[in-house]
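Student: mmCIF, C-alpha atoms, file start.cif:
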```
data_structure
#
loop_
_atom_site.label_atom_id
_atom_site.label_comp_id
_atom_site.auth_asym_id
_atom_site.auth_seq_id
_atom_site.Cartn_x
_atom_site.Cartn_y
_atom_site.Cartn_z
CA MET O 1 -19.98 62.03 -111.71
CA ARG O 2 -16.93 64.11 -111.00
CA ALA O 3 -18.50 67.39 -112.09
CA HIS O 4 -20.81 67.36 -109.08
CA PHE O 5 -18.37 66.06 -106.50
CA SER O 6 -17.20 68.31 -103.69
CA ARG O 7 -14.79 66.73 -101.25
CA SER O 8 -15.60 69.11 -98.42
CA GLY O 9 -19.35 68.55 -98.88
CA PHE O 10 -18.80 64.77 -98.81
CA ILE O 11 -16.74 64.96 -95.61
CA GLU O 12 -19.32 67.21 -93.94
CA GLY O 13 -22.05 64.71 -94.85
CA VAL O 14 -20.07 61.84 -93.30
CA ARG O 15 -19.36 63.88 -90.17
CA ASP O 16 -22.92 65.12 -89.62
CA ILE O 17 -24.51 61.67 -90.01
CA ALA O 18 -21.96 59.92 -87.76
CA PRO O 19 -24.00 60.20 -84.51
CA MET O 20 -26.83 58.31 -86.22
CA MET O 21 -24.59 55.24 -86.39
CA LEU O 22 -25.48 54.69 -82.73
CA GLY O 23 -28.96 53.79 -83.93
CA VAL O 24 -27.99 52.13 -87.20
CA ILE O 25 -25.55 49.60 -85.72
CA PRO O 26 -27.96 47.85 -83.32
CA PHE O 27 -30.72 47.96 -85.98
CA GLY O 28 -28.41 46.40 -88.60
CA MET O 29 -27.29 43.76 -86.11
CA VAL O 30 -30.91 42.84 -85.43
CA CYS O 31 -31.41 42.40 -89.19
CA GLY O 32 -28.34 40.13 -89.40
CA VAL O 33 -29.48 38.02 -86.47
CA GLY O 34 -33.04 37.87 -87.86
CA ALA O 35 -31.93 36.74 -91.33
CA ILE O 36 -29.89 33.86 -89.87
CA ALA O 37 -32.81 32.93 -87.62
CA ALA O 38 -35.05 32.81 -90.72
CA GLY O 39 -32.73 30.24 -92.26
CA ALA O 40 -30.65 32.44 -94.59
CA SER O 41 -27.01 31.49 -95.22
CA PRO O 42 -24.47 34.11 -94.06
CA VAL O 43 -23.93 35.20 -97.70
CA ALA O 44 -27.67 35.61 -98.29
CA ALA O 45 -28.06 37.46 -94.98
CA LEU O 46 -25.43 39.97 -96.06
CA ALA O 47 -26.88 40.21 -99.60
CA MET O 48 -30.20 41.11 -97.99
CA SER O 49 -28.63 44.15 -96.37
CA MET O 50 -26.63 45.10 -99.47
CA ILE O 51 -29.52 44.86 -101.97
CA MET O 52 -32.73 45.45 -99.97
CA PHE O 53 -30.95 48.03 -97.78
CA SER O 54 -34.08 48.70 -95.73
CA GLY O 55 -34.37 47.65 -92.10
CA ALA O 56 -38.17 47.74 -92.21
CA ALA O 57 -38.42 45.57 -95.35
CA GLN O 58 -35.75 43.16 -94.09
CA ILE O 59 -37.44 42.66 -90.73
CA VAL O 60 -40.86 42.20 -92.33
CA ALA O 61 -39.43 39.72 -94.86
CA THR O 62 -37.58 37.64 -92.27
CA GLN O 63 -40.46 37.62 -89.79
CA LEU O 64 -42.94 36.51 -92.45
CA LEU O 65 -40.48 33.86 -93.69
CA VAL O 66 -40.28 32.45 -90.17
CA ALA O 67 -44.08 32.54 -89.96
CA GLY O 68 -44.24 30.52 -93.20
CA ALA O 69 -46.11 33.17 -95.21
CA PRO O 70 -46.40 32.67 -99.00
CA LEU O 71 -43.97 34.57 -101.21
CA ALA O 72 -46.70 36.85 -102.62
CA VAL O 73 -47.75 37.95 -99.12
CA ILE O 74 -44.15 38.72 -98.20
CA LEU O 75 -43.68 40.79 -101.36
CA ILE O 76 -46.88 42.80 -100.81
CA SER O 77 -45.96 43.47 -97.19
CA CYS O 78 -42.49 44.67 -98.21
CA LEU O 79 -44.08 46.91 -100.84
CA VAL O 80 -46.37 48.47 -98.23
CA VAL O 81 -43.57 49.16 -95.73
CA SER O 82 -41.60 50.72 -98.62
CA LEU O 83 -44.36 53.18 -99.55
CA ARG O 84 -42.92 55.85 -97.25
CA LEU O 85 -39.84 55.85 -99.50
CA LEU O 86 -42.10 57.34 -102.21
CA MET O 87 -42.60 60.38 -100.00
CA TYR O 88 -38.89 60.78 -99.39
CA SER O 89 -38.28 60.41 -103.12
CA ALA O 90 -40.85 63.11 -103.87
CA ALA O 91 -39.41 65.39 -101.20
CA MET O 92 -35.85 65.04 -102.54
CA ALA O 93 -36.82 65.22 -106.24
CA PRO O 94 -36.86 69.05 -106.58
CA TYR O 95 -33.35 69.29 -105.13
CA LEU O 96 -31.84 66.55 -107.30
CA ARG O 97 -33.35 67.42 -110.69
CA ARG O 98 -30.37 69.38 -111.97
CA LEU O 99 -27.99 66.48 -111.34
CA ASP O 100 -27.13 64.03 -114.13
CA HIS O 101 -28.89 60.66 -114.20
CA ARG O 102 -25.96 58.73 -112.73
CA TRP O 103 -25.96 60.91 -109.63
CA ARG O 104 -29.72 60.54 -109.31
CA ALA O 105 -29.45 56.74 -109.70
CA VAL O 106 -26.79 56.50 -106.97
CA LEU O 107 -28.42 58.94 -104.54
CA ALA O 108 -31.79 57.21 -104.94
CA PHE O 109 -30.17 53.89 -103.98
CA ILE O 110 -28.88 55.33 -100.69
CA LEU O 111 -32.11 57.19 -99.84
CA THR O 112 -33.27 55.86 -96.47
CA ASP O 113 -35.21 57.15 -93.45
CA GLN O 114 -31.93 58.16 -91.85
CA ALA O 115 -30.37 59.70 -94.96
CA PHE O 116 -33.54 61.72 -95.54
CA ALA O 117 -33.79 62.85 -91.91
CA GLY O 118 -30.11 63.76 -91.82
CA THR O 119 -29.90 65.72 -95.07
CA VAL O 120 -33.28 67.39 -95.69
CA GLN O 121 -32.42 70.42 -93.52
CA ARG O 122 -29.24 70.99 -95.45
CA PHE O 123 -31.00 70.84 -98.84
CA ARG O 124 -33.61 73.30 -97.60
CA GLY O 125 -31.04 75.74 -96.31
CA SER O 126 -28.53 75.83 -99.16
CA ASP O 127 -28.59 76.20 -102.96
CA ASP O 128 -25.12 74.80 -103.59
CA LEU O 129 -26.08 71.73 -105.65
CA ARG O 130 -22.53 70.34 -105.86
CA ALA O 131 -21.94 70.57 -102.10
CA ASN O 132 -25.43 69.28 -101.28
CA ALA O 133 -25.22 66.26 -103.62
CA SER O 134 -21.81 65.36 -102.20
CA TYR O 135 -23.14 65.87 -98.67
CA PHE O 136 -25.94 63.40 -99.43
CA LEU O 137 -23.43 60.97 -100.95
CA GLY O 138 -21.29 61.18 -97.81
CA SER O 139 -24.20 60.70 -95.41
CA GLY O 140 -25.93 57.95 -97.41
CA GLY O 141 -22.61 56.25 -98.22
CA LEU O 142 -21.61 56.04 -94.56
CA LEU O 143 -25.08 54.68 -93.72
CA TRP O 144 -24.75 51.97 -96.39
CA VAL O 145 -21.26 50.89 -95.30
CA THR O 146 -22.23 50.91 -91.61
CA TRP O 147 -25.37 48.90 -92.40
CA GLN O 148 -23.22 46.14 -93.95
CA ILE O 149 -20.74 46.11 -91.06
CA ALA O 150 -23.58 45.99 -88.52
CA THR O 151 -25.25 43.14 -90.41
CA LEU O 152 -21.96 41.23 -90.40
CA LEU O 153 -21.63 41.81 -86.66
CA GLY O 154 -25.16 40.45 -86.24
CA ILE O 155 -24.40 37.42 -88.42
CA VAL O 156 -21.05 36.55 -86.85
CA ALA O 157 -21.55 37.48 -83.25
CA GLY O 158 -25.24 36.74 -82.84
CA GLN O 159 -26.77 38.44 -79.89
CA ILE O 160 -23.79 39.52 -77.78
CA ILE O 161 -25.78 42.29 -76.21
CA PRO O 162 -28.59 41.04 -73.95
CA ALA O 163 -32.06 42.06 -75.14
CA SER O 164 -32.74 43.50 -71.67
CA TRP O 165 -30.52 46.50 -72.53
CA GLN O 166 -33.21 47.59 -75.03
CA LEU O 167 -30.61 49.04 -77.38
CA ASP O 168 -33.26 49.04 -80.10
CA PHE O 169 -34.65 52.16 -78.40
CA VAL O 170 -31.76 54.08 -79.97
CA VAL O 171 -33.57 53.88 -83.33
CA PRO O 172 -36.59 56.03 -82.35
CA LEU O 173 -34.25 58.33 -80.38
CA CYS O 174 -32.31 59.09 -83.59
CA PHE O 175 -35.51 60.12 -85.36
CA LEU O 176 -36.62 62.09 -82.32
CA ALA O 177 -33.36 64.03 -82.40
CA VAL O 178 -34.30 65.26 -85.89
CA LEU O 179 -38.03 65.65 -85.28
CA ALA O 180 -38.15 67.61 -82.00
CA PRO O 181 -36.11 70.64 -83.18
CA MET O 182 -38.47 71.03 -86.18
CA LEU O 183 -41.43 71.70 -83.86
CA ARG O 184 -40.96 75.44 -83.58
CA ASP O 185 -43.97 76.87 -85.43
CA ARG O 186 -47.70 76.28 -85.01
CA VAL O 187 -48.24 74.47 -88.30
CA SER O 188 -45.45 71.97 -87.58
CA ILE O 189 -46.87 71.32 -84.11
CA LEU O 190 -50.31 70.74 -85.66
CA VAL O 191 -48.85 68.31 -88.22
CA PHE O 192 -47.10 66.49 -85.37
CA ALA O 193 -50.28 66.30 -83.25
CA VAL O 194 -52.50 65.06 -86.08
CA ALA O 195 -49.97 62.46 -87.26
CA ALA O 196 -49.38 61.27 -83.68
CA ILE O 197 -53.06 60.85 -82.84
CA ALA O 198 -53.85 59.27 -86.23
CA VAL O 199 -51.04 56.72 -86.01
CA ILE O 200 -52.24 55.64 -82.56
CA VAL O 201 -55.93 55.50 -83.48
CA LEU O 202 -55.24 53.61 -86.72
CA ASP O 203 -52.81 51.14 -85.13
CA SER O 204 -55.03 48.13 -85.77
CA MET O 205 -54.64 48.50 -89.55
CA PRO O 206 -52.80 45.55 -91.09
CA LEU O 207 -49.25 45.66 -92.46
CA ARG O 208 -48.44 48.83 -90.52
CA LEU O 209 -50.51 50.86 -92.97
CA SER O 210 -51.24 53.11 -89.98
CA MET O 211 -47.81 54.66 -90.49
CA ILE O 212 -48.54 55.80 -94.04
CA CYS O 213 -52.11 56.89 -93.23
CA GLY O 214 -51.03 58.74 -90.07
CA GLY O 215 -48.33 60.54 -92.06
CA LEU O 216 -50.73 61.46 -94.87
CA LEU O 217 -53.31 62.84 -92.42
CA GLY O 218 -50.60 64.96 -90.78
CA ILE O 219 -49.59 66.30 -94.21
CA ALA O 220 -53.24 67.07 -95.06
CA ALA O 221 -53.61 68.99 -91.79
CA GLY O 222 -50.47 70.99 -92.62
CA ILE O 223 -51.77 71.93 -96.09
CA ALA O 224 -55.16 72.95 -94.63
CA ALA O 225 -53.48 75.08 -91.95
CA ASP O 226 -51.26 76.80 -94.55
CA LYS O 227 -54.33 77.60 -96.66
CA LEU O 228 -56.22 79.08 -93.67
CA LYS O 229 -53.19 81.12 -92.67
CA GLY O 230 -52.87 82.48 -96.21
CA ARG O 231 -56.52 83.58 -96.18
CA ALA O 232 -56.43 85.29 -92.77
CA MET T 1 -38.72 25.56 -103.50
CA SER T 2 -35.86 25.39 -101.00
CA ARG T 3 -35.65 28.01 -98.27
CA GLU T 4 -32.34 29.30 -99.64
CA LEU T 5 -33.75 29.76 -103.17
CA THR T 6 -36.84 31.52 -101.77
CA ILE T 7 -34.60 33.89 -99.83
CA TRP T 8 -32.52 34.78 -102.90
CA LEU T 9 -35.68 35.39 -104.91
CA LEU T 10 -36.93 37.67 -102.13
CA ILE T 11 -33.64 39.56 -101.98
CA PHE T 12 -33.79 40.56 -105.64
CA ALA T 13 -37.56 41.13 -105.76
CA VAL T 14 -37.64 43.27 -102.61
CA GLY T 15 -34.44 45.02 -103.71
CA ALA T 16 -36.23 45.99 -106.94
CA ILE T 17 -39.25 47.19 -104.94
CA THR T 18 -37.24 49.38 -102.54
CA TYR T 19 -35.11 50.83 -105.34
CA THR T 20 -38.14 51.62 -107.51
CA ALA T 21 -39.81 53.38 -104.55
CA ARG T 22 -36.66 55.41 -103.89
CA LEU T 23 -36.10 56.39 -107.52
CA SER T 24 -39.79 56.98 -108.40
CA PHE T 25 -40.33 60.71 -107.96
CA ILE T 26 -36.65 61.57 -108.33
CA ALA T 27 -36.79 60.15 -111.88
CA LEU T 28 -40.33 61.37 -112.60
CA PHE T 29 -39.72 65.03 -111.76
CA ALA T 30 -36.23 65.24 -113.19
CA ARG T 31 -37.48 66.87 -116.38
CA ARG T 32 -40.86 68.39 -115.53
CA ASP T 33 -42.25 70.66 -112.87
CA MET T 34 -43.97 69.32 -109.83
CA PRO T 35 -47.66 70.17 -109.30
CA PRO T 36 -47.91 73.03 -106.74
CA LEU T 37 -50.13 71.04 -104.35
CA LEU T 38 -47.57 68.24 -104.23
CA ALA T 39 -44.79 70.74 -103.60
CA GLU T 40 -46.82 72.19 -100.73
CA ALA T 41 -47.47 68.75 -99.26
CA LEU T 42 -43.77 67.92 -99.33
CA LYS T 43 -42.95 70.67 -96.84
CA HIS T 44 -44.79 68.67 -94.20
CA VAL T 45 -43.34 65.24 -95.05
CA PRO T 46 -40.44 65.33 -92.55
CA VAL T 47 -42.53 66.19 -89.46
CA ALA T 48 -45.45 63.94 -90.45
CA MET T 49 -43.41 60.85 -91.35
CA LEU T 50 -40.93 61.13 -88.47
CA THR T 51 -43.89 61.42 -86.09
CA ALA T 52 -45.51 58.35 -87.65
CA ILE T 53 -42.28 56.40 -87.11
CA VAL T 54 -41.44 57.61 -83.58
CA VAL T 55 -44.85 57.66 -81.87
CA PRO T 56 -45.78 53.96 -82.29
CA ALA T 57 -42.28 53.00 -81.10
CA VAL T 58 -42.81 54.74 -77.76
CA VAL T 59 -46.53 54.60 -76.90
CA PHE T 60 -47.03 50.85 -77.32
CA MET T 61 -45.77 48.45 -74.70
CA PRO T 62 -44.99 44.88 -75.85
CA ALA T 63 -47.99 42.99 -77.29
CA ASP T 64 -49.46 46.14 -78.86
CA ALA T 65 -51.01 47.54 -75.68
CA LEU T 66 -51.39 51.33 -75.79
CA ARG T 67 -49.85 52.90 -72.70
CA ILE T 68 -49.94 56.69 -72.32
CA ASP T 69 -49.05 57.17 -68.65
CA VAL T 70 -45.96 57.56 -66.46
CA GLY T 71 -45.72 53.76 -66.10
CA ASN T 72 -44.54 53.54 -69.73
CA VAL T 73 -40.81 54.16 -69.28
CA LYS T 74 -40.18 54.38 -73.04
CA LEU T 75 -42.71 57.20 -73.37
CA VAL T 76 -41.28 59.13 -70.41
CA ALA T 77 -37.70 58.63 -71.68
CA ALA T 78 -38.78 59.80 -75.15
CA LEU T 79 -40.42 62.94 -73.73
CA ILE T 80 -37.24 63.79 -71.81
CA ALA T 81 -35.08 63.08 -74.89
CA GLY T 82 -37.45 65.12 -77.08
CA ALA T 83 -37.15 68.13 -74.76
CA VAL T 84 -33.35 67.79 -74.80
CA ALA T 85 -33.37 67.57 -78.62
CA TRP T 86 -35.58 70.67 -78.86
CA TRP T 87 -33.22 72.72 -76.70
CA THR T 88 -29.82 71.39 -77.76
CA ARG T 89 -30.42 70.26 -81.40
CA SER T 90 -27.70 67.67 -80.68
CA ALA T 91 -28.20 64.05 -81.80
CA VAL T 92 -25.52 62.64 -79.51
CA THR T 93 -26.89 64.42 -76.40
CA THR T 94 -30.41 63.25 -77.29
CA ILE T 95 -29.35 59.61 -77.63
CA VAL T 96 -27.22 59.62 -74.45
CA VAL T 97 -29.93 61.31 -72.36
CA GLY T 98 -32.68 59.13 -73.86
CA MET T 99 -30.89 55.82 -73.14
CA GLY T 100 -29.81 57.08 -69.70
CA ALA T 101 -33.40 58.03 -68.90
CA LEU T 102 -34.70 54.64 -70.08
CA TRP T 103 -32.22 52.69 -67.94
CA GLY T 104 -32.63 55.02 -64.94
CA LEU T 105 -36.43 54.84 -65.05
CA ARG T 106 -36.39 51.06 -65.39
CA TYR T 107 -34.07 50.86 -62.36
CA LEU T 108 -36.38 53.12 -60.33
CA ALA T 109 -39.42 51.13 -61.41
CA GLY T 110 -37.61 48.02 -60.15
#
```
In structure tokens, write the structure found in this file.

Tutor:
Amino acid sequence: MRAHFSRSGFIEGVRDIAPMMLGVIPFGMVCGVGAIAAGASPVAALAMSMIMFSGAAQIVATQLLVAGAPLAVILISCLVVSLRLLMYSAAMAPYLRRLDHRWRAVLAFILTDQAFAGTVQRFRGSDDLRANASYFLGSGGLLWVTWQIATLLGIVAGQIIPASWQLDFVVPLCFLAVLAPMLRDRVSILVFAVAAIAVIVLDSMPLRLSMICGGLLGIAAGIAADKLKGRA
Amino acid sequence: MSRELTIWLLIFAVGAITYTARLSFIALFARRDMPPLLAEALKHVPVAMLTAIVVPAVVFMPADALRIDVGNVKLVAALIAGAVAWWTRSAVTTIVVGMGALWGLRYLAG
């Protein structure tokens, strides 16, 4: 592990991801509150965050538990909401291939929406594998630790903050902060437009499959636009 | 099966699912080259997936009703925050302006 560790890269990763904690803390608290509401013991509620480590899967699992869904249905639903992780895994794979398997195993465990959004720019812009891997470890590590603390806050304190504050809106704002600056060339704007329209039109699909399908259609539009541009 | 046992089963089963999804391509393409079409597709993953996450969170009012008009305060706040993000590239500014816009608009709307 040590061969690929760069202290300065790690610290930069922690520092750059820190603003995202504004979105992660309320989200993690919601997961803690939800798990208790679904009948989990405090230890199980925390284990959920430590082992599943996915807000989407945790919320789906707890909501379906409350609704009395059979175990198989809960598992399939969690699988579907986790499909987007496949895309992140594929997108990170080329950057991580020169690392040893222990690094890959650890970095895969801390690969989340936020870790991906926060680090992909850095991986694209720099070839320094050691610094980049440590940067990812710092960002993903802080996200994991914060997720556990937020879950604990949710478990212990319950809903201190009234729902009317709509603090959950911080979650889409965090993603927006990464997304909007990427929309600087025509192809990216096209990908955005196609994904946005598709995700709205397909909203009635079950299990939030609209998210995956909307994303895939956006990607297809991007590939088609690149091909046309290459031919012109 | 007791609720507690069901929950522990779920924790490990879903944990295995999320970890497998995360590791999948990272493990698969560790030792071989990625097909060119896949590599091309991956360039567009960030914009496409972030859009697919953000858009439903702002265009739907509670109870899944689509609302694309100035009466949807979340949508207006997100547009303001998006413009700020585009100009400043700052996450903190985006979050502060976005939440401020949401609260301000709700206050104005009464």

Student: Could you give me, as a list of chain:residue names, the residues within 10 Å of T:Phe12, counting only C-alpha atoms and dropping anything in the same chain fewer than 6 positions from it?

Tutor: O:Ala47, O:Met48, O:Ile51, O:Met52, T:Thr18

Student: Please produce a file of those selected residues containing C-alpha atoms, as a CSV table (one decimal), in the frame of the given file.

Tutor:
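Dumped everything to out.csv:
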```csv
chain,number,residue,atom,x,y,z
O,47,ALA,CA,-26.9,40.2,-99.6
O,48,MET,CA,-30.2,41.1,-98.0
O,51,ILE,CA,-29.5,44.9,-102.0
O,52,MET,CA,-32.7,45.4,-100.0
T,18,THR,CA,-37.2,49.4,-102.5
```

Student: How would you write, as an mmCIF file with C-alpha atoms, keeping the file's coordinate frame, the residues chosen by the PyMOL selection byres ((chain T) within 7 of (chain O)) on this structure?

Tutor:
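Okay, this is what ended up in out-v8.cif:
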```
data_model
loop_
_atom_site.group_PDB
_atom_site.id
_atom_site.type_symbol
_atom_site.label_atom_id
_atom_site.label_comp_id
_atom_site.auth_asym_id
_atom_site.auth_seq_id
_atom_site.Cartn_x
_atom_site.Cartn_y
_atom_site.Cartn_z
ATOM 1 C CA GLU T 4 -32.340 29.300 -99.640
ATOM 2 C CA ILE T 7 -34.600 33.890 -99.830
ATOM 3 C CA TRP T 8 -32.520 34.780 -102.900
ATOM 4 C CA ILE T 11 -33.640 39.560 -101.980
ATOM 5 C CA VAL T 14 -37.640 43.270 -102.610
ATOM 6 C CA GLY T 15 -34.440 45.020 -103.710
ATOM 7 C CA ILE T 17 -39.250 47.190 -104.940
ATOM 8 C CA THR T 18 -37.240 49.380 -102.540
ATOM 9 C CA TYR T 19 -35.110 50.830 -105.340
ATOM 10 C CA ALA T 21 -39.810 53.380 -104.550
ATOM 11 C CA ARG T 22 -36.660 55.410 -103.890
ATOM 12 C CA LEU T 23 -36.100 56.390 -107.520
ATOM 13 C CA SER T 24 -39.790 56.980 -108.400
ATOM 14 C CA PHE T 25 -40.330 60.710 -107.960
ATOM 15 C CA ILE T 26 -36.650 61.570 -108.330
ATOM 16 C CA PHE T 29 -39.720 65.030 -111.760
ATOM 17 C CA ALA T 30 -36.230 65.240 -113.190
ATOM 18 C CA GLU T 40 -46.820 72.190 -100.730
ATOM 19 C CA ALA T 41 -47.470 68.750 -99.260
ATOM 20 C CA LEU T 42 -43.770 67.920 -99.330
ATOM 21 C CA HIS T 44 -44.790 68.670 -94.200
ATOM 22 C CA VAL T 45 -43.340 65.240 -95.050
ATOM 23 C CA VAL T 47 -42.530 66.190 -89.460
ATOM 24 C CA ALA T 48 -45.450 63.940 -90.450
ATOM 25 C CA MET T 49 -43.410 60.850 -91.350
ATOM 26 C CA LEU T 50 -40.930 61.130 -88.470
ATOM 27 C CA THR T 51 -43.890 61.420 -86.090
ATOM 28 C CA ALA T 52 -45.510 58.350 -87.650
ATOM 29 C CA ILE T 53 -42.280 56.400 -87.110
ATOM 30 C CA VAL T 54 -41.440 57.610 -83.580
ATOM 31 C CA VAL T 55 -44.850 57.660 -81.870
ATOM 32 C CA PRO T 56 -45.780 53.960 -82.290
ATOM 33 C CA ALA T 57 -42.280 53.000 -81.100
ATOM 34 C CA GLY T 82 -37.450 65.120 -77.080
ATOM 35 C CA ALA T 85 -33.370 67.570 -78.620
ATOM 36 C CA TRP T 86 -35.580 70.670 -78.860
ATOM 37 C CA ARG T 89 -30.420 70.260 -81.400
ATOM 38 C CA SER T 90 -27.700 67.670 -80.680
ATOM 39 C CA ALA T 91 -28.200 64.050 -81.800
ATOM 40 C CA VAL T 92 -25.520 62.640 -79.510
ATOM 41 C CA THR T 94 -30.410 63.250 -77.290
ATOM 42 C CA ILE T 95 -29.350 59.610 -77.630
ATOM 43 C CA GLY T 98 -32.680 59.130 -73.860
#
```

Student: Between atom CA of O:Gly55 and atom CA of O:Gly28, what is the distance, to one decimal in Å?

Tutor: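 Between atom CA of O:Gly55 and atom CA of O:Gly28 the gap is 7.0 Å.
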
Student: Translate the PyMOL selection byres ((chain O and resi 127-142) around 6) into a concrete residue list for this structure, as a VMD selection string.

Tutor: chain O and resid 4 to 6 9 to 10 13 to 14 17 110 115 126 143 to 146

Student: Figure out the distance between atom CA of T:Leu75 and atom CA of T:Val59, please, to one decimal in Å.

Tutor: 5.8 Å

Student: Report the residues retrieved by the PyMOL selection byres ((chain T and resi 102) around 9) from the displayed file, expressed as a PyMOL selection string.

Tutor: (chain O and resi 166+169) or (chain T and resi 73-74+76-78+97-101+103-107)

Student: Nearest to O:Gly118: which of T:Gly110, T:Thr88, T:Leu79, T:Pro46 is it, counting only C-alpha atoms?

Tutor: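 Of the candidates, the smallest distance to O:Gly118 is held by T:Pro46.
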
Student: Could you tell me how far atom CA of O:Ala56 sits from atom CA of O:Val73, in Å to one decimal place?

Tutor: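 Going from atom CA of O:Val73 over to atom CA of O:Ala56 covers 15.3 Å.
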
Student: Would you save stretch 79-85 of chain T to a file, keeping all heavy atoms, as a PDB file, in the first residue's frame?

Tutor:
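Saved as selection-v5.pdb:
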```
ATOM      1  N   LEU T  79     -31.726  26.527 -10.736  1.00  0.00           N
ATOM      2  CA  LEU T  79     -31.237  27.270 -11.906  1.00  0.00           C
ATOM      3  C   LEU T  79     -30.283  28.386 -11.456  1.00  0.00           C
ATOM      4  O   LEU T  79     -29.227  28.595 -12.060  1.00  0.00           O
ATOM      5  CB  LEU T  79     -32.408  27.854 -12.705  1.00  0.00           C
ATOM      6  CG  LEU T  79     -33.234  26.823 -13.484  1.00  0.00           C
ATOM      7  CD1 LEU T  79     -34.470  27.481 -14.107  1.00  0.00           C
ATOM      8  CD2 LEU T  79     -32.391  26.157 -14.572  1.00  0.00           C
ATOM      9  N   ILE T  80     -30.663  29.074 -10.386  1.00  0.00           N
ATOM     10  CA  ILE T  80     -29.788  30.134  -9.858  1.00  0.00           C
ATOM     11  C   ILE T  80     -28.461  29.520  -9.389  1.00  0.00           C
ATOM     12  O   ILE T  80     -27.382  29.991  -9.762  1.00  0.00           O
ATOM     13  CB  ILE T  80     -30.487  30.882  -8.693  1.00  0.00           C
ATOM     14  CG1 ILE T  80     -31.742  31.609  -9.206  1.00  0.00           C
ATOM     15  CG2 ILE T  80     -29.519  31.853  -8.017  1.00  0.00           C
ATOM     16  CD1 ILE T  80     -32.637  32.166  -8.106  1.00  0.00           C
ATOM     17  N   ALA T  81     -28.556  28.427  -8.618  1.00  0.00           N
ATOM     18  CA  ALA T  81     -27.346  27.773  -8.106  1.00  0.00           C
ATOM     19  C   ALA T  81     -26.487  27.237  -9.251  1.00  0.00           C
ATOM     20  O   ALA T  81     -25.256  27.322  -9.209  1.00  0.00           O
ATOM     21  CB  ALA T  81     -27.733  26.644  -7.153  1.00  0.00           C
ATOM     22  N   GLY T  82     -27.132  26.709 -10.303  1.00  0.00           N
ATOM     23  CA  GLY T  82     -26.393  26.191 -11.450  1.00  0.00           C
ATOM     24  C   GLY T  82     -25.611  27.293 -12.159  1.00  0.00           C
ATOM     25  O   GLY T  82     -24.458  27.107 -12.533  1.00  0.00           O
ATOM     26  N   ALA T  83     -26.250  28.461 -12.309  1.00  0.00           N
ATOM     27  CA  ALA T  83     -25.570  29.597 -12.937  1.00  0.00           C
ATOM     28  C   ALA T  83     -24.368  30.024 -12.095  1.00  0.00           C
ATOM     29  O   ALA T  83     -23.272  30.272 -12.618  1.00  0.00           O
ATOM     30  CB  ALA T  83     -26.548  30.761 -13.115  1.00  0.00           C
ATOM     31  N   VAL T  84     -24.563  30.060 -10.767  1.00  0.00           N
ATOM     32  CA  VAL T  84     -23.462  30.432  -9.866  1.00  0.00           C
ATOM     33  C   VAL T  84     -22.323  29.418  -9.974  1.00  0.00           C
ATOM     34  O   VAL T  84     -21.141  29.778 -10.042  1.00  0.00           O
ATOM     35  CB  VAL T  84     -23.978  30.531  -8.404  1.00  0.00           C
ATOM     36  CG1 VAL T  84     -22.825  30.624  -7.427  1.00  0.00           C
ATOM     37  CG2 VAL T  84     -24.906  31.735  -8.265  1.00  0.00           C
ATOM     38  N   ALA T  85     -22.671  28.130 -10.026  1.00  0.00           N
ATOM     39  CA  ALA T  85     -21.653  27.080 -10.138  1.00  0.00           C
ATOM     40  C   ALA T  85     -20.876  27.222 -11.441  1.00  0.00           C
ATOM     41  O   ALA T  85     -19.653  27.063 -11.480  1.00  0.00           O
ATOM     42  CB  ALA T  85     -22.314  25.700 -10.064  1.00  0.00           C
TER      43      ALA T  85
END
```
